[in-house]
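Engineer: What follows is coords_5.cif, made up of mmCIF, C-alpha atoms:
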data_protein
#
loop_
_atom_site.label_atom_id
_atom_site.label_comp_id
_atom_site.auth_asym_id
_atom_site.auth_seq_id
_atom_site.Cartn_x
_atom_site.Cartn_y
_atom_site.Cartn_z
CA MET E 1 14.33 -18.32 5.12
CA VAL E 2 15.00 -15.09 3.24
CA TYR E 3 12.34 -12.41 2.69
CA LEU E 4 12.63 -10.51 -0.57
CA THR E 5 10.58 -7.36 -1.12
CA ARG E 6 9.86 -5.61 -4.39
CA LYS E 7 8.21 -2.21 -4.47
CA LEU E 8 5.84 -0.81 -7.08
CA GLU E 9 3.87 2.41 -7.39
CA PHE E 10 0.60 2.94 -9.16
CA SER E 11 -1.84 5.83 -9.26
CA ALA E 12 -5.57 5.29 -9.34
CA SER E 13 -8.88 6.83 -8.41
CA HIS E 14 -11.75 5.42 -6.39
CA LEU E 15 -14.79 6.32 -4.34
CA TYR E 16 -16.54 4.68 -1.43
CA HIS E 17 -20.26 4.19 -1.86
CA ASN E 18 -22.57 1.40 -0.73
CA PRO E 19 -25.82 1.35 -2.75
CA ALA E 20 -27.54 -0.35 0.19
CA PHE E 21 -26.95 2.77 2.33
CA SER E 22 -28.93 6.00 2.08
CA ALA E 23 -27.15 9.08 0.73
CA GLU E 24 -26.91 10.41 4.28
CA GLU E 25 -25.51 7.14 5.63
CA ASN E 26 -22.92 6.98 2.81
CA ARG E 27 -21.75 10.49 3.68
CA ARG E 28 -21.61 9.71 7.40
CA VAL E 29 -19.73 6.40 7.07
CA PHE E 30 -17.37 7.29 4.22
CA GLY E 31 -16.95 11.06 4.65
CA LYS E 32 -14.88 12.73 1.92
CA CYS E 33 -14.28 9.33 0.29
CA ASN E 34 -17.97 9.34 -0.75
CA ASN E 35 -17.49 12.21 -3.24
CA PRO E 36 -19.36 10.85 -6.31
CA HIS E 37 -16.67 12.15 -8.67
CA GLY E 38 -14.04 10.04 -6.93
CA HIS E 39 -10.53 11.00 -5.86
CA GLY E 40 -7.12 9.42 -6.25
CA HIS E 41 -3.97 8.21 -4.55
CA ASN E 42 -0.40 7.29 -5.36
CA TYR E 43 -0.47 3.75 -4.06
CA VAL E 44 2.77 2.08 -3.02
CA LEU E 45 2.82 -1.69 -3.06
CA GLU E 46 5.45 -3.82 -1.34
CA VAL E 47 5.36 -7.49 -2.24
CA THR E 48 7.37 -9.84 -0.02
CA VAL E 49 8.31 -13.33 -1.15
CA ALA E 50 9.81 -15.83 1.31
CA GLY E 51 12.10 -18.66 0.31
CA GLU E 52 15.55 -20.18 0.35
CA PRO E 53 18.07 -18.90 -2.19
CA ASN E 54 18.63 -21.35 -5.01
CA PRO E 55 22.27 -22.50 -4.62
CA ALA E 56 22.83 -22.33 -8.38
CA THR E 57 21.69 -18.69 -8.78
CA GLY E 58 21.82 -17.26 -5.26
CA MET E 59 18.27 -16.01 -5.78
CA VAL E 60 14.98 -16.69 -4.01
CA LEU E 61 13.38 -15.82 -7.32
CA ASP E 62 14.42 -13.87 -10.38
CA LEU E 63 13.56 -10.20 -9.72
CA LYS E 64 13.00 -9.69 -13.43
CA GLU E 65 10.31 -12.36 -13.35
CA LEU E 66 8.70 -10.78 -10.26
CA LYS E 67 8.81 -7.37 -11.93
CA GLU E 68 7.00 -8.80 -14.97
CA ILE E 69 4.35 -10.48 -12.80
CA LEU E 70 3.73 -7.21 -10.92
CA GLN E 71 3.54 -5.27 -14.17
CA ARG E 72 1.03 -7.69 -15.69
CA GLU E 73 -1.12 -8.41 -12.64
CA VAL E 74 -1.08 -5.05 -10.87
CA SER E 75 0.18 -2.14 -13.00
CA ASP E 76 -1.61 -3.12 -16.21
CA ARG E 77 -4.82 -3.70 -14.27
CA MET E 78 -4.82 -0.78 -11.83
CA ASP E 79 -2.41 1.99 -12.85
CA HIS E 80 -4.23 5.14 -13.97
CA ARG E 81 -7.61 3.44 -13.60
CA PHE E 82 -10.82 4.21 -11.76
CA LEU E 83 -10.80 1.19 -9.46
CA ASN E 84 -14.59 1.01 -8.94
CA TYR E 85 -15.36 0.76 -12.64
CA GLU E 86 -12.29 -0.60 -14.37
CA VAL E 87 -11.06 -3.46 -12.18
CA PRO E 88 -13.47 -6.40 -12.46
CA GLU E 89 -11.96 -8.12 -9.39
CA LEU E 90 -13.22 -5.20 -7.27
CA ALA E 91 -16.72 -5.16 -8.76
CA GLY E 92 -19.37 -5.04 -6.06
CA GLN E 93 -16.79 -4.27 -3.36
CA ILE E 94 -15.83 -0.98 -1.73
CA PRO E 95 -12.26 -0.39 -3.00
CA THR E 96 -10.71 0.20 0.42
CA CYS E 97 -7.06 -0.52 1.08
CA GLU E 98 -8.18 -3.76 2.80
CA ASN E 99 -10.07 -4.97 -0.28
CA ILE E 100 -7.46 -3.87 -2.83
CA ALA E 101 -4.68 -5.61 -0.86
CA THR E 102 -6.80 -8.78 -0.73
CA VAL E 103 -7.40 -8.67 -4.50
CA ILE E 104 -3.68 -8.16 -5.12
CA TRP E 105 -2.85 -11.11 -2.82
CA ARG E 106 -5.24 -13.35 -4.78
CA LEU E 107 -3.86 -12.18 -8.14
CA LEU E 108 -0.26 -12.82 -7.11
CA GLU E 109 -0.36 -15.90 -4.89
CA SER E 110 -0.53 -18.55 -7.61
CA LYS E 111 1.84 -16.66 -9.95
CA ILE E 112 4.78 -16.76 -7.53
CA THR E 113 6.27 -20.17 -8.14
CA SER E 114 9.77 -19.75 -6.66
CA GLY E 115 9.47 -19.26 -2.92
CA HIS E 116 6.01 -18.27 -1.71
CA LEU E 117 4.10 -15.04 -1.38
CA TYR E 118 4.54 -13.98 2.23
CA ARG E 119 3.05 -10.50 2.52
CA VAL E 120 1.37 -7.83 0.43
CA ARG E 121 1.70 -4.37 1.96
CA LEU E 122 -0.30 -1.64 0.27
CA TYR E 123 0.13 2.03 1.19
CA GLU E 124 -2.77 4.29 0.26
CA THR E 125 -0.86 7.18 1.84
CA PRO E 126 2.27 7.10 4.03
CA ASP E 127 -0.09 7.26 7.04
CA LEU E 128 -2.44 4.44 6.02
CA PHE E 129 -1.49 0.98 4.88
CA VAL E 130 -2.60 -2.63 5.03
CA ASP E 131 -0.64 -5.87 5.39
CA CYS E 132 -2.20 -8.96 3.86
CA TYR E 133 -0.86 -12.41 4.81
CA GLY E 134 -3.39 -14.50 2.88
CA GLU E 135 -5.31 -17.30 4.52
CA SER E 136 -2.30 -18.76 6.33
CA ASN E 137 -1.84 -18.31 10.03
CA GLY E 138 1.89 -18.39 9.58
CA ALA E 139 4.16 -16.43 11.87
CA HIS E 140 5.44 -13.08 10.73
CA PRO E 141 8.44 -10.97 11.69
CA GLY E 142 8.42 -10.03 15.33
CA THR E 143 6.46 -13.00 16.57
CA PRO E 144 8.45 -15.41 18.72
CA SER E 145 8.82 -18.18 16.16
CA ALA E 146 10.15 -15.83 13.50
CA ALA E 147 11.72 -13.16 15.67
CA GLY E 148 15.19 -13.81 14.32
CA ASP E 149 14.26 -13.97 10.66
CA ALA E 150 13.55 -10.52 9.49
CA ARG E 151 14.43 -7.91 12.09
CA MET V 152 -7.84 -13.57 4.88
CA LYS V 153 -5.38 -12.29 7.48
CA LEU V 154 -5.14 -8.50 7.27
CA HIS V 155 -3.57 -5.82 9.42
CA LEU V 156 -4.69 -2.23 8.99
CA TRP V 157 -1.87 0.19 9.87
CA ARG V 158 -2.26 3.85 10.71
CA ARG V 159 0.58 6.29 11.35
CA TYR V 160 0.45 9.15 13.89
CA LYS V 161 2.91 11.73 15.19
CA PHE V 162 3.48 13.48 18.47
CA CYS V 163 6.25 15.67 19.86
CA ALA V 164 7.32 15.36 23.46
CA SER V 165 10.25 15.73 25.81
CA HIS V 166 11.72 13.26 28.25
CA ARG V 167 14.74 12.54 30.40
CA LEU V 168 16.28 9.13 30.93
CA HIS V 169 17.26 8.82 34.58
CA SER V 170 17.01 5.84 36.89
CA ALA V 171 16.36 6.46 40.57
CA GLN V 172 18.06 3.13 41.24
CA LEU V 173 21.39 4.36 39.90
CA GLY V 174 23.81 7.03 41.14
CA GLU V 175 24.37 10.34 39.32
CA GLU V 176 27.62 9.20 37.76
CA GLU V 177 26.17 5.86 36.66
CA ASN V 178 23.11 7.59 35.13
CA ARG V 179 25.38 9.89 33.16
CA ARG V 180 27.50 6.98 31.99
CA LEU V 181 24.48 4.81 31.01
CA TYR V 182 22.20 7.38 29.42
CA GLY V 183 24.75 9.91 28.19
CA LYS V 184 23.15 13.01 26.66
CA CYS V 185 19.70 11.59 27.41
CA ASN V 186 20.40 12.12 31.11
CA ASN V 187 20.56 15.93 30.76
CA PRO V 188 18.57 17.15 33.81
CA TYR V 189 16.59 19.62 31.69
CA GLY V 190 15.36 16.90 29.36
CA HIS V 191 15.19 16.96 25.56
CA GLY V 192 12.57 16.12 22.93
CA HIS V 193 11.75 14.04 19.88
CA ASN V 194 9.25 13.92 17.04
CA TYR V 195 7.79 10.52 17.74
CA VAL V 196 6.04 8.48 15.06
CA VAL V 197 3.53 5.88 16.21
CA GLU V 198 2.23 3.14 13.91
CA VAL V 199 -0.77 1.16 15.09
CA ALA V 200 -1.92 -2.13 13.54
CA VAL V 201 -5.39 -3.56 14.08
CA SER V 202 -7.00 -6.68 12.66
CA GLY V 203 -10.46 -8.13 12.29
CA PRO V 204 -12.96 -9.20 9.68
CA VAL V 205 -13.55 -6.80 6.78
CA ASP V 206 -17.15 -5.59 6.98
CA PRO V 207 -18.60 -6.29 3.51
CA ALA V 208 -20.86 -3.24 3.80
CA THR V 209 -17.95 -0.82 4.23
CA GLY V 210 -14.90 -2.75 3.00
CA MET V 211 -13.21 -1.81 6.26
CA ILE V 212 -11.65 -3.57 9.25
CA ALA V 213 -12.35 -0.43 11.26
CA ASN V 214 -13.51 3.01 10.28
CA LEU V 215 -10.47 5.31 10.43
CA THR V 216 -12.62 8.03 11.94
CA ASP V 217 -13.18 5.79 14.99
CA LEU V 218 -9.52 4.71 15.22
CA ASP V 219 -8.26 8.29 14.80
CA ALA V 220 -10.63 9.60 17.47
CA PHE V 221 -9.57 6.86 19.89
CA VAL V 222 -5.83 7.39 19.33
CA GLU V 223 -6.31 11.16 19.58
CA LYS V 224 -8.01 10.83 22.97
CA GLU V 225 -5.83 8.07 24.44
CA ILE V 226 -2.39 9.00 23.06
CA LEU V 227 -2.05 12.25 21.14
CA GLU V 228 -3.91 14.51 23.56
CA PRO V 229 -2.08 13.29 26.65
CA PHE V 230 1.38 12.87 25.00
CA ASP V 231 1.72 15.67 22.43
CA HIS V 232 3.83 18.65 23.53
CA LYS V 233 4.24 17.23 27.03
CA TYR V 234 7.12 16.35 29.35
CA LEU V 235 6.54 12.62 29.56
CA ASN V 236 8.38 12.08 32.87
CA GLU V 237 6.02 14.33 34.76
CA GLU V 238 2.82 14.51 32.75
CA ILE V 239 2.21 10.82 32.06
CA THR V 240 1.49 8.94 35.29
CA GLU V 241 3.16 5.75 34.06
CA PHE V 242 6.46 7.57 33.54
CA GLN V 243 6.54 9.02 37.01
CA LYS V 244 7.67 5.53 38.02
CA ASN V 245 8.96 3.95 34.76
CA ILE V 246 11.75 5.42 32.63
CA PRO V 247 10.29 6.86 29.39
CA THR V 248 12.56 4.97 27.03
CA THR V 249 10.98 4.26 23.66
CA GLU V 250 10.63 0.61 24.79
CA ASN V 251 8.43 1.71 27.69
CA ILE V 252 6.58 4.31 25.59
CA CYS V 253 5.77 1.60 23.05
CA ILE V 254 4.41 -0.73 25.77
CA GLU V 255 2.43 2.08 27.40
CA ILE V 256 0.85 3.08 24.09
CA PHE V 257 -0.04 -0.56 23.37
CA ASN V 258 -1.64 -0.94 26.80
CA ARG V 259 -3.67 2.25 26.36
CA LEU V 260 -4.90 1.21 22.91
CA ARG V 261 -5.91 -2.32 23.95
CA ALA V 262 -9.35 -0.97 24.86
CA PHE V 263 -10.18 -0.07 21.23
CA SER V 264 -13.47 -1.86 20.71
CA ARG V 265 -13.90 -1.78 16.90
CA ALA V 266 -10.97 -4.08 16.01
CA LYS V 267 -8.25 -6.15 17.67
CA LEU V 268 -5.04 -4.32 18.48
CA GLU V 269 -2.18 -6.30 16.93
CA ARG V 270 0.95 -4.23 17.19
CA VAL V 271 2.39 -0.82 18.01
CA ARG V 272 5.58 0.52 16.44
CA VAL V 273 7.21 3.68 17.75
CA GLU V 274 10.01 5.63 16.07
CA GLU V 275 11.93 7.87 18.43
CA THR V 276 13.94 9.19 15.48
CA GLY V 277 14.18 7.95 11.91
CA LEU V 278 17.12 5.83 13.06
CA ASN V 279 15.57 3.76 15.83
CA SER V 280 12.22 2.15 16.36
CA PHE V 281 10.53 -0.39 18.62
CA GLU V 282 7.61 -2.74 18.19
CA TYR V 283 5.38 -4.35 20.78
CA ALA V 284 2.61 -6.85 20.17
CA GLY V 285 1.63 -7.66 23.74
CA GLU V 286 3.20 -9.94 26.36
CA SER V 287 3.08 -13.08 24.27
CA ALA V 288 5.09 -11.65 21.40
CA GLY V 289 7.77 -9.62 23.19
CA VAL V 290 9.45 -6.48 21.91
CA ALA V 291 11.34 -6.35 18.62
CA HIS V 292 14.12 -3.82 18.22
CA GLU V 293 15.56 -1.99 15.26
CA ARG V 294 18.52 0.23 15.94
#
Show me, as structure tokens, the structure contained in the file I just sent.
Structural biologist:
Amino acid sequence: MVYLTRKLEFSASHLYHNPAFSAEENRRVFGKCNNPHGHGHNYVLEVTVAGEPNPATGMVLDLKELKEILQREVSDRMDHRFLNYEVPELAGQIPTCENIATVIWRLLESKITSGHLYRVRLYETPDLFVDCYGESNGAHPGTPSAAGDAR
Amino acid sequence: MKLHLWRRYKFCASHRLHSAQLGEEENRRLYGKCNNPYGHGHNYVVEVAVSGPVDPATGMIANLTDLDAFVEKEILEPFDHKYLNEEITEFQKNIPTTENICIEIFNRLRAFSRAKLERVRVEETGLNSFEYAGESAGVAHER
């Protein structure tokens, strides 16, 4: 199994606010992220696809195709957007790194047809990021069954 | 949905690699510059991964304020700007290699109550790092 990772950056704004909480509770739970005007990040997305290289092309999947999928599904939807208001998939959710990574996983999973989507890693800042492995309980790098694969 | 929330921290500390079970010459041969009796230091980077259900009310696995406060108290306060060999009890008996530092940090963070600790990754320098995910998963190395 080979793991191929493609990286993408997008910039977007968001705010954390739960209408079921009081103003005071929103401020306490979400801190600075509750600023009603929102704030933004340069998100870095790493999408990892696992698969065997096709003997005819030597590729797990065509990077050009992956680039186009990422452009269409992620950049066009999220880049330079206010995530709370402009991304329907996030409607009614707090746009945390956890929830954005989950939305991205769901957008990409069925579109990757060569190999399979293995991991979505989304950096909100270099010090905060989320790994999403979908619904599978599959092993990942570093666990005993896959220890030799990726590290 | 299987999610890991990762948070990155930094601390600076000194250490010396020296095994009481080995002679002076053997220590020098094995640990090289790291055996310098006066010790030396690194800017360590610690990455901590936790997992758990995403609370629909907050969109979070764990509130970073809680995780940051816990890591500050358990790791950064005791480790930052310290001489690990003498000021961390564990390293008065175990050699403070990054392998052992990684395991010690994992063991200290196990008690975090707001989410499940999945994995700890420690960079001693930008060129080497170690990961530990508990006894069952072993230690993965990158050199």
Engineer: Looking at all atoms listed in the file, which of V:Ser287, V:Ser170, V:Ser165, V:Thr249 is the one that sits closest to chain E?
Structural biologist: V:Ser287
Engineer: Please evaluate the PyMOL selection byres ((chain V) within 7 of (chain E)) against the structure above and give the resulting residues as a list of chain:residue names.
Structural biologist: V:Met152, V:Lys153, V:Leu154, V:His155, V:Leu156, V:Trp157, V:Arg158, V:Arg159, V:Ala208, V:Thr209, V:Gly210, V:Met211, V:Ala288, V:Ala291, V:Glu293
Engineer: The PyMOL selection byres ((chain E and resi 46) around 8) - which residues does that actually catch in the file I just gave you? List them as a ChimeraX atom specification.
Structural biologist: /E:5-8,44-45,47-48,120-122
Engineer: Hey, can you check how far atom CA of His116 of chain E sits from atom CA of Val103 of chain E?
Structural biologist: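 Between these atoms lies a distance of 16.7 Å.
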Engineer: By how many Å are atom CA of Val49 of chain E and atom CA of Gly115 of chain E apart?
Structural biologist: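 Between atom CA of Val49 of chain E and atom CA of Gly115 of chain E the gap is 6.3 Å.
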Engineer: Contacts of Asp217 of chain V at 10 Å or less, counting all atoms listed in the file, minus same-chain residues fewer than 6 places along, as a PyMOL selection string?
Structural biologist: chain V and resi 223+263-265
Engineer: Which distance in Å separates atom CA of Gly40 of chain E and atom CA of Glu9 of chain E, to one decimal?
Structural biologist: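 Between atom CA of Gly40 of chain E and atom CA of Glu9 of chain E the gap is 13.1 Å.
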Engineer: Dig up all the protein and nucleic acid residues within 10 Å of (2.9, -17.1, -8.3) in the file frame, using all atoms listed in the file, and format them as a PyMOL selection string.
Structural biologist: chain E and resi 49+66+69+105-117
Engineer: Where does the PyMOL selection byres ((chain V and resi 198) around 7) land in this file, that is, which residues does it pick, as a PyMOL selection string?
Structural biologist: chain V and resi 157-160+196-197+199-200+271-273
Engineer: Contacts of Glu238 of chain V at 12 Å or less, counting only C-alpha atoms, minus same-chain residues fewer than 6 places along, as an mmCIF file with C-alpha atoms, in the coordinates of the input?
Structural biologist:
data_model
loop_
_atom_site.group_PDB
_atom_site.id
_atom_site.type_symbol
_atom_site.label_atom_id
_atom_site.label_comp_id
_atom_site.auth_asym_id
_atom_site.auth_seq_id
_atom_site.Cartn_x
_atom_site.Cartn_y
_atom_site.Cartn_z
ATOM 1 C CA ALA V 164 7.320 15.360 23.460
ATOM 2 C CA SER V 165 10.250 15.730 25.810
ATOM 3 C CA HIS V 166 11.720 13.260 28.250
ATOM 4 C CA GLU V 228 -3.910 14.510 23.560
ATOM 5 C CA PRO V 229 -2.080 13.290 26.650
ATOM 6 C CA PHE V 230 1.380 12.870 25.000
ATOM 7 C CA ASP V 231 1.720 15.670 22.430
ATOM 8 C CA HIS V 232 3.830 18.650 23.530
ATOM 9 C CA LYS V 244 7.670 5.530 38.020
ATOM 10 C CA PRO V 247 10.290 6.860 29.390
#
Engineer: Within 9 Å of segment 253-260 of chain V, counting all atoms listed in the file, which residues qualify if same-chain residues fewer than 5 places away don't, as a PyMOL selection string?
Structural biologist: chain V and resi 197+199+221-222+225-226+241+248+268-273+281-285+290
Engineer: Report the centre and edge lengths, in Å to one decimal, of an axis-aligned box enclosing every atom of segment 228-247 of chain V listed in the file, padded by 4 Å on each side, as lines of an AutoDock Vina configuration file.
Structural biologist:
center_x = 3.9
center_y = 11.3
center_z = 30.2
size_x = 23.7
size_y = 22.7
size_z = 23.6
Engineer: Using only C-alpha atoms, which residue out of E:Phe10, E:Asn42, E:Met1, E:Ala50 lies closest to Arg77 of chain E?
Structural biologist: E:Phe10
